[in-house]
file my_file_6.cif (mmCIF, C-alpha atoms; chains and numbers go by the auth columns)
data_query
#
loop_
_atom_site.group_PDB
_atom_site.id
_atom_site.type_symbol
_atom_site.label_atom_id
_atom_site.label_comp_id
_atom_site.label_asym_id
_atom_site.label_seq_id
_atom_site.Cartn_x
_atom_site.Cartn_y
_atom_site.Cartn_z
_atom_site.B_iso_or_equiv
_atom_site.auth_seq_id
_atom_site.auth_asym_id
ATOM 1 C CA MET A 1 11.087 102.524 163.597 0.00 1 N
ATOM 2 C CA GLY A 2 12.060 100.155 166.416 0.00 2 N
ATOM 3 C CA SER A 3 10.536 102.268 169.164 0.00 3 N
ATOM 4 C CA THR A 4 7.252 102.634 167.261 0.00 4 N
ATOM 5 C CA ALA A 5 7.167 98.895 166.576 0.00 5 N
ATOM 6 C CA ALA A 6 7.949 98.156 170.226 0.00 6 N
ATOM 7 C CA GLY A 7 5.200 100.491 171.373 0.00 7 N
ATOM 8 C CA VAL A 8 2.668 98.824 169.088 0.00 8 N
ATOM 9 C CA VAL A 9 3.681 95.315 170.177 0.00 9 N
ATOM 10 C CA HIS A 10 3.517 96.230 173.873 0.00 10 N
ATOM 11 C CA ARG A 11 0.178 98.029 173.500 0.00 11 N
ATOM 12 C CA LEU A 12 -1.340 95.048 171.682 0.00 12 N
ATOM 13 C CA ALA A 13 -0.006 92.706 174.374 0.00 13 N
ATOM 14 C CA GLU A 14 -1.572 94.881 177.091 0.00 14 N
ATOM 15 C CA ARG A 15 -4.872 94.753 175.219 0.00 15 N
ATOM 16 C CA GLN A 16 -4.493 91.001 174.554 0.00 16 N
ATOM 17 C CA GLU A 17 -5.092 91.622 170.865 0.00 17 N
ATOM 18 C CA THR A 18 -3.409 90.252 167.767 0.00 18 N
ATOM 19 C CA LEU A 19 -1.981 91.678 164.541 0.00 19 N
ATOM 20 C CA ALA A 20 -1.539 90.547 160.947 0.00 20 N
ATOM 21 C CA THR A 21 0.261 92.361 158.128 0.00 21 N
ATOM 22 C CA VAL A 22 -0.270 92.464 154.367 0.00 22 N
ATOM 23 C CA GLU A 23 2.475 94.050 152.321 0.00 23 N
ATOM 24 C CA SER A 24 3.009 94.961 148.730 0.00 24 N
ATOM 25 C CA LEU A 25 5.688 97.613 148.218 0.00 25 N
ATOM 26 C CA THR A 26 7.391 96.931 151.573 0.00 26 N
ATOM 27 C CA GLY A 27 7.939 93.277 150.661 0.00 27 N
ATOM 28 C CA GLY A 28 8.123 91.927 154.214 0.00 28 N
ATOM 29 C CA SER A 29 10.010 94.750 155.909 0.00 29 N
ATOM 30 C CA LEU A 30 6.928 95.759 157.925 0.00 30 N
ATOM 31 C CA ALA A 31 6.629 92.218 159.304 0.00 31 N
ATOM 32 C CA ALA A 32 10.382 92.132 159.958 0.00 32 N
ATOM 33 C CA SER A 33 10.235 95.363 161.967 0.00 33 N
ATOM 34 C CA ILE A 34 7.475 93.879 164.121 0.00 34 N
ATOM 35 C CA VAL A 35 9.024 90.463 164.713 0.00 35 N
ATOM 36 C CA ASN A 36 12.300 92.085 165.799 0.00 36 N
ATOM 37 C CA ILE A 37 10.548 93.025 169.060 0.00 37 N
ATOM 38 C CA ALA A 38 10.907 90.636 171.991 0.00 38 N
ATOM 39 C CA GLY A 39 7.607 89.113 173.062 0.00 39 N
ATOM 40 C CA VAL A 40 6.007 89.526 169.645 0.00 40 N
ATOM 41 C CA SER A 41 4.840 85.909 169.507 0.00 41 N
ATOM 42 C CA ALA A 42 2.044 86.826 171.942 0.00 42 N
ATOM 43 C CA ILE A 43 0.461 89.223 169.437 0.00 43 N
ATOM 44 C CA TYR A 44 1.682 88.591 165.865 0.00 44 N
ATOM 45 C CA ARG A 45 -0.419 86.092 163.930 0.00 45 N
ATOM 46 C CA GLY A 46 1.417 86.326 160.604 0.00 46 N
ATOM 47 C CA GLY A 47 1.505 88.181 157.371 0.00 47 N
ATOM 48 C CA LEU A 48 1.247 88.074 153.625 0.00 48 N
ATOM 49 C CA VAL A 49 3.596 89.539 151.060 0.00 49 N
ATOM 50 C CA VAL A 50 1.475 89.993 147.950 0.00 50 N
ATOM 51 C CA TYR A 51 3.699 91.734 145.459 0.00 51 N
ATOM 52 C CA ALA A 52 1.917 90.370 142.372 0.00 52 N
ATOM 53 C CA THR A 53 -1.455 92.008 141.762 0.00 53 N
ATOM 54 C CA GLU A 54 -3.344 88.720 141.365 0.00 54 N
ATOM 55 C CA LEU A 55 -2.100 87.543 144.764 0.00 55 N
ATOM 56 C CA LYS A 56 -3.751 90.553 146.352 0.00 56 N
ATOM 57 C CA ALA A 57 -7.040 88.944 145.283 0.00 57 N
ATOM 58 C CA THR A 58 -6.278 85.249 145.755 0.00 58 N
ATOM 59 C CA LEU A 59 -4.343 85.430 149.025 0.00 59 N
ATOM 60 C CA ALA A 60 -5.477 88.667 150.678 0.00 60 N
ATOM 61 C CA GLY A 61 -9.073 88.640 149.478 0.00 61 N
ATOM 62 C CA VAL A 62 -9.084 92.001 147.696 0.00 62 N
ATOM 63 C CA PRO A 63 -12.036 92.027 145.277 0.00 63 N
ATOM 64 C CA ALA A 64 -10.736 91.307 141.781 0.00 64 N
ATOM 65 C CA ASP A 65 -13.028 93.943 140.248 0.00 65 N
ATOM 66 C CA LEU A 66 -11.570 96.597 142.564 0.00 66 N
ATOM 67 C CA LEU A 67 -8.071 95.662 141.416 0.00 67 N
ATOM 68 C CA SER A 68 -9.028 95.663 137.740 0.00 68 N
ATOM 69 C CA ASP A 69 -10.892 98.984 138.024 0.00 69 N
ATOM 70 C CA ARG A 70 -8.361 100.910 140.096 0.00 70 N
ATOM 71 C CA GLY A 71 -5.078 99.000 140.107 0.00 71 N
ATOM 72 C CA PRO A 72 -3.092 97.937 143.164 0.00 72 N
ATOM 73 C CA VAL A 73 -2.090 101.450 144.291 0.00 73 N
ATOM 74 C CA ASP A 74 -5.381 102.778 145.600 0.00 74 N
ATOM 75 C CA PRO A 75 -6.777 103.745 149.013 0.00 75 N
ATOM 76 C CA ASP A 76 -9.649 101.245 148.831 0.00 76 N
ATOM 77 C CA VAL A 77 -7.226 98.487 147.866 0.00 77 N
ATOM 78 C CA ALA A 78 -5.086 99.355 150.897 0.00 78 N
ATOM 79 C CA VAL A 79 -8.134 99.048 153.167 0.00 79 N
ATOM 80 C CA ALA A 80 -9.130 95.766 151.520 0.00 80 N
ATOM 81 C CA LEU A 81 -5.593 94.447 152.087 0.00 81 N
ATOM 82 C CA ALA A 82 -5.733 95.340 155.789 0.00 82 N
ATOM 83 C CA GLU A 83 -9.194 93.851 156.183 0.00 83 N
ATOM 84 C CA GLY A 84 -8.224 90.748 154.228 0.00 84 N
ATOM 85 C CA GLY A 85 -5.118 90.174 156.327 0.00 85 N
ATOM 86 C CA ARG A 86 -7.113 90.596 159.495 0.00 86 N
ATOM 87 C CA ARG A 87 -9.706 88.100 158.287 0.00 87 N
ATOM 88 C CA ARG A 88 -7.373 85.564 156.660 0.00 88 N
ATOM 89 C CA CYS A 89 -4.973 85.482 159.624 0.00 89 N
ATOM 90 C CA GLY A 90 -7.674 85.596 162.299 0.00 90 N
ATOM 91 C CA ALA A 91 -6.266 88.740 163.914 0.00 91 N
ATOM 92 C CA ASP A 92 -7.862 91.625 165.774 0.00 92 N
ATOM 93 C CA TRP A 93 -5.914 94.149 163.688 0.00 93 N
ATOM 94 C CA GLY A 94 -4.691 94.179 160.098 0.00 94 N
ATOM 95 C CA LEU A 95 -1.992 96.531 158.803 0.00 95 N
ATOM 96 C CA ALA A 96 -1.253 96.974 155.095 0.00 96 N
ATOM 97 C CA THR A 97 1.018 98.814 152.671 0.00 97 N
ATOM 98 C CA THR A 98 0.731 99.433 148.937 0.00 98 N
ATOM 99 C CA GLY A 99 2.337 101.995 146.672 0.00 99 N
ATOM 100 C CA VAL A 100 5.003 102.854 144.146 0.00 100 N
ATOM 101 C CA ALA A 101 8.577 102.670 145.427 0.00 101 N
ATOM 102 C CA GLY A 102 10.169 103.299 142.052 0.00 102 N
ATOM 103 C CA PRO A 103 12.351 103.781 140.230 0.00 103 N
ATOM 104 C CA GLU A 104 9.593 104.211 137.612 0.00 104 N
ATOM 105 C CA PRO A 105 5.937 105.262 137.907 0.00 105 N
ATOM 106 C CA GLN A 106 3.437 102.382 137.852 0.00 106 N
ATOM 107 C CA ASP A 107 0.107 102.451 135.997 0.00 107 N
ATOM 108 C CA GLY A 108 0.225 106.251 135.867 0.00 108 N
ATOM 109 C CA LYS A 109 0.878 106.522 139.621 0.00 109 N
ATOM 110 C CA PRO A 110 3.937 108.540 140.626 0.00 110 N
ATOM 111 C CA VAL A 111 6.924 107.217 142.529 0.00 111 N
ATOM 112 C CA GLY A 112 6.412 107.891 146.220 0.00 112 N
ATOM 113 C CA LEU A 113 2.611 107.519 146.221 0.00 113 N
ATOM 114 C CA VAL A 114 1.907 105.140 149.097 0.00 114 N
ATOM 115 C CA TYR A 115 -1.178 104.065 151.006 0.00 115 N
ATOM 116 C CA VAL A 116 -1.016 102.545 154.468 0.00 116 N
ATOM 117 C CA ALA A 117 -4.149 101.144 156.061 0.00 117 N
ATOM 118 C CA VAL A 118 -5.247 99.650 159.332 0.00 118 N
ATOM 119 C CA ALA A 119 -8.340 97.530 159.992 0.00 119 N
ATOM 120 C CA GLY A 120 -9.453 96.879 163.536 0.00 120 N
ATOM 121 C CA PRO A 121 -12.410 96.086 165.728 0.00 121 N
ATOM 122 C CA ASP A 122 -13.787 99.618 165.256 0.00 122 N
ATOM 123 C CA GLY A 123 -13.357 99.854 161.484 0.00 123 N
ATOM 124 C CA SER A 124 -10.651 100.836 159.026 0.00 124 N
ATOM 125 C CA GLU A 125 -8.560 103.874 158.177 0.00 125 N
ATOM 126 C CA VAL A 126 -6.255 104.651 155.275 0.00 126 N
ATOM 127 C CA ARG A 127 -3.593 107.306 154.940 0.00 127 N
ATOM 128 C CA GLN A 128 -2.085 108.616 151.707 0.00 128 N
ATOM 129 C CA LEU A 129 1.623 109.395 151.729 0.00 129 N
ATOM 130 C CA ASP A 130 3.511 111.370 149.110 0.00 130 N
ATOM 131 C CA LEU A 131 7.099 110.412 149.809 0.00 131 N
ATOM 132 C CA GLY A 132 10.250 111.764 148.268 0.00 132 N
ATOM 133 C CA GLY A 133 13.650 110.164 148.102 0.00 133 N
ATOM 134 C CA GLY A 134 14.742 106.979 146.459 0.00 134 N
ATOM 135 C CA ARG A 135 13.248 103.499 146.518 0.00 135 N
ATOM 136 C CA ASP A 136 14.811 102.505 149.849 0.00 136 N
ATOM 137 C CA HIS A 137 13.583 105.670 151.550 0.00 137 N
ATOM 138 C CA VAL A 138 10.037 105.255 150.223 0.00 138 N
ATOM 139 C CA ARG A 139 9.864 101.676 151.492 0.00 139 N
ATOM 140 C CA ALA A 140 11.368 102.506 154.909 0.00 140 N
ATOM 141 C CA ALA A 141 9.102 105.536 155.370 0.00 141 N
ATOM 142 C CA ALA A 142 6.053 103.422 154.461 0.00 142 N
ATOM 143 C CA VAL A 143 6.911 100.998 157.278 0.00 143 N
ATOM 144 C CA VAL A 144 7.304 103.834 159.793 0.00 144 N
ATOM 145 C CA GLU A 145 4.043 105.493 158.731 0.00 145 N
ATOM 146 C CA ALA A 146 2.086 102.218 158.830 0.00 146 N
ATOM 147 C CA LEU A 147 3.298 101.621 162.383 0.00 147 N
ATOM 148 C CA ARG A 148 2.417 105.215 163.331 0.00 148 N
ATOM 149 C CA LEU A 149 -1.085 104.809 161.942 0.00 149 N
ATOM 150 C CA LEU A 150 -1.594 101.637 163.978 0.00 150 N
ATOM 151 C CA ALA A 151 -0.181 103.303 167.109 0.00 151 N
ATOM 152 C CA GLU A 152 -2.618 106.205 166.680 0.00 152 N
ATOM 153 C CA ARG A 153 -5.564 103.875 166.220 0.00 153 N
ATOM 154 C CA LEU A 154 -4.571 101.853 169.282 0.00 154 N
ATOM 155 C CA ALA A 155 -4.296 105.016 171.352 0.00 155 N
ATOM 156 C CA ALA A 156 -7.776 106.071 170.264 0.00 156 N
ATOM 157 C CA ALA A 157 -9.384 102.627 170.564 0.00 157 N
ATOM 158 C CA THR A 158 -11.604 101.649 173.433 0.00 158 N
ATOM 159 C CA PRO A 159 -9.579 99.485 175.835 0.00 159 N
#

call {"tool": "encode", "arguments": {"input": "my_file_6.cif", "output": "structure tokens"}}
result
Amino acid sequence: MGSTAAGVVHRLAERQETLATVESLTGGSLAASIVNIAGVSAIYRGGLVVYATELKATLAGVPADLLSDRGPVDPDVAVALAEGGRRRCGADWGLATTGVAGPEPQDGKPVGLVYVAVAGPDGSEVRQLDLGGGRDHVRAAAVVEALRLLAERLAAATP
């Protein structure tokens, strides 16, 4: 996780671009993995931890009707979280996580169903993950996969 986070931080610094995070199931661990990297203050604008569904709307700007129609564990909600974080924090890139870490299913969604999303200057992308293992593994894997998604998008982005 550290090497992926370091790579993302260094790539953003090279590009002189900024990052914001919005987290649900990871509860701040995505932000923590990023701010552990030396030099992060040049690129990290901040983040939101929106565990409660209503905060996804009020703080992150996810449309309330989307949340009421689909629930918080949804690919379009993940994209809206990333876009909302990007907008609300004034960052070039937004990175978001939402899903079910367990131990019980949530709103008919199985444990291990996770969506990670990135929003950037060239649009947004979401990835569905179906993770096994316990709660801690699901949350840790979500952080790694969110960072990987951002790294891939940065590699593909126009400099």

call {"tool": "closest_atom_pairs", "arguments": {"input": "my_file_6.cif", "of": "segment 9-104 of chain N", "to": "segment 136-145 of chain N", "cutoff": "8 Å", "atoms": "all atoms listed in the file", "output": "CSV"}}
result
residue,atom,partner,partner_atom,distance
N:Leu25,CA,N:Arg139,CA,6.7
N:Thr26,CA,N:Arg139,CA,5.4
N:Ser29,CA,N:Val143,CA,7.1
N:Leu30,CA,N:Val143,CA,5.3
N:Thr97,CA,N:Ala142,CA,7.1
N:Ala101,CA,N:Val138,CA,5.6

call {"tool": "resolve_selection", "arguments": {"input": "my_file_6.cif", "expression": "the PyMOL selection byres ((chain N and resi 116) around 6)", "output": "JSON, numbers by chain"}}
result
{"N": [96, 97, 115, 117, 126, 127, 146]}

call {"tool": "residues_around", "arguments": {"input": "my_file_6.cif", "residues": "segment 86-89 of chain N", "least_positions_apart": "3", "cutoff": "10 Å", "atoms": "only C-alpha atoms", "output": "VMD selection string"}}
result
chain N and resid 18 to 22 44 to 48 59 to 61 80 to 83 92 to 96 118 to 121

call {"tool": "closest_residue", "arguments": {"input": "my_file_6.cif", "among": "N:Val40, N:Leu113, N:Leu55, N:Leu66", "to": "Gly132 of chain N", "atoms": "all atoms listed in the file"}}
result
N:Leu113

call {"tool": "closest_residue", "arguments": {"input": "my_file_6.cif", "among": "N:Val114, N:Ile43, N:Ala64, N:Val79", "to": "Glu17 of chain N", "atoms": "all atoms listed in the file"}}
result
N:Ile43

call {"tool": "closest_residue", "arguments": {"input": "my_file_6.cif", "among": "N:Val49, N:Val62, N:Ala5, N:Leu147", "to": "Gly27 of chain N", "atoms": "only C-alpha atoms"}}
result
N:Val49

call {"tool": "atom_distance", "arguments": {"input": "my_file_6.cif", "atom1": "atom CA of Arg70 of chain N", "atom2": "atom CA of Pro110 of chain N"}}
result
14.5 Å

call {"tool": "closest_residue", "arguments": {"input": "my_file_6.cif", "among": "N:Ala42, N:Ala32, N:Leu154, N:Val111", "to": "Val73 of chain N", "atoms": "only C-alpha atoms"}}
result
N:Val111

call {"tool": "axis_aligned_box", "arguments": {"input": "my_file_6.cif", "around": "segment 96-102 of chain N", "padding_each_side": "3 Å", "output": "JSON"}}
result
{"center_x": 4.5, "center_y": 100.1, "center_z": 148.6, "size_x": 17.4, "size_y": 12.3, "size_z": 19.0}

call {"tool": "atom_distance", "arguments": {"input": "my_file_6.cif", "atom1": "atom CA of Glu23 of chain N", "atom2": "atom CA of Val50 of chain N"}}
result
6.0 Å

call {"tool": "resolve_selection", "arguments": {"input": "my_file_6.cif", "expression": "the PyMOL selection byres ((chain N and resi 130) around 6)", "output": "number ranges by chain"}}
result
N: 112-113, 129, 131

call {"tool": "closest_residue", "arguments": {"input": "my_file_6.cif", "among": "N:Gly99, N:Gly7, N:Gly133, N:Gly39", "to": "Pro72 of chain N", "atoms": "only C-alpha atoms"}}
result
N:Gly99

call {"tool": "resolve_selection", "arguments": {"input": "my_file_6.cif", "expression": "the PyMOL selection byres ((chain N and resi 53) around 9)", "output": "number ranges by chain"}}
result
N: 24, 50-52, 54-57, 67, 71-72

call {"tool": "atom_distance", "arguments": {"input": "my_file_6.cif", "atom1": "atom CA of Ala38 of chain N", "atom2": "atom CA of Leu150 of chain N"}}
result
18.5 Å
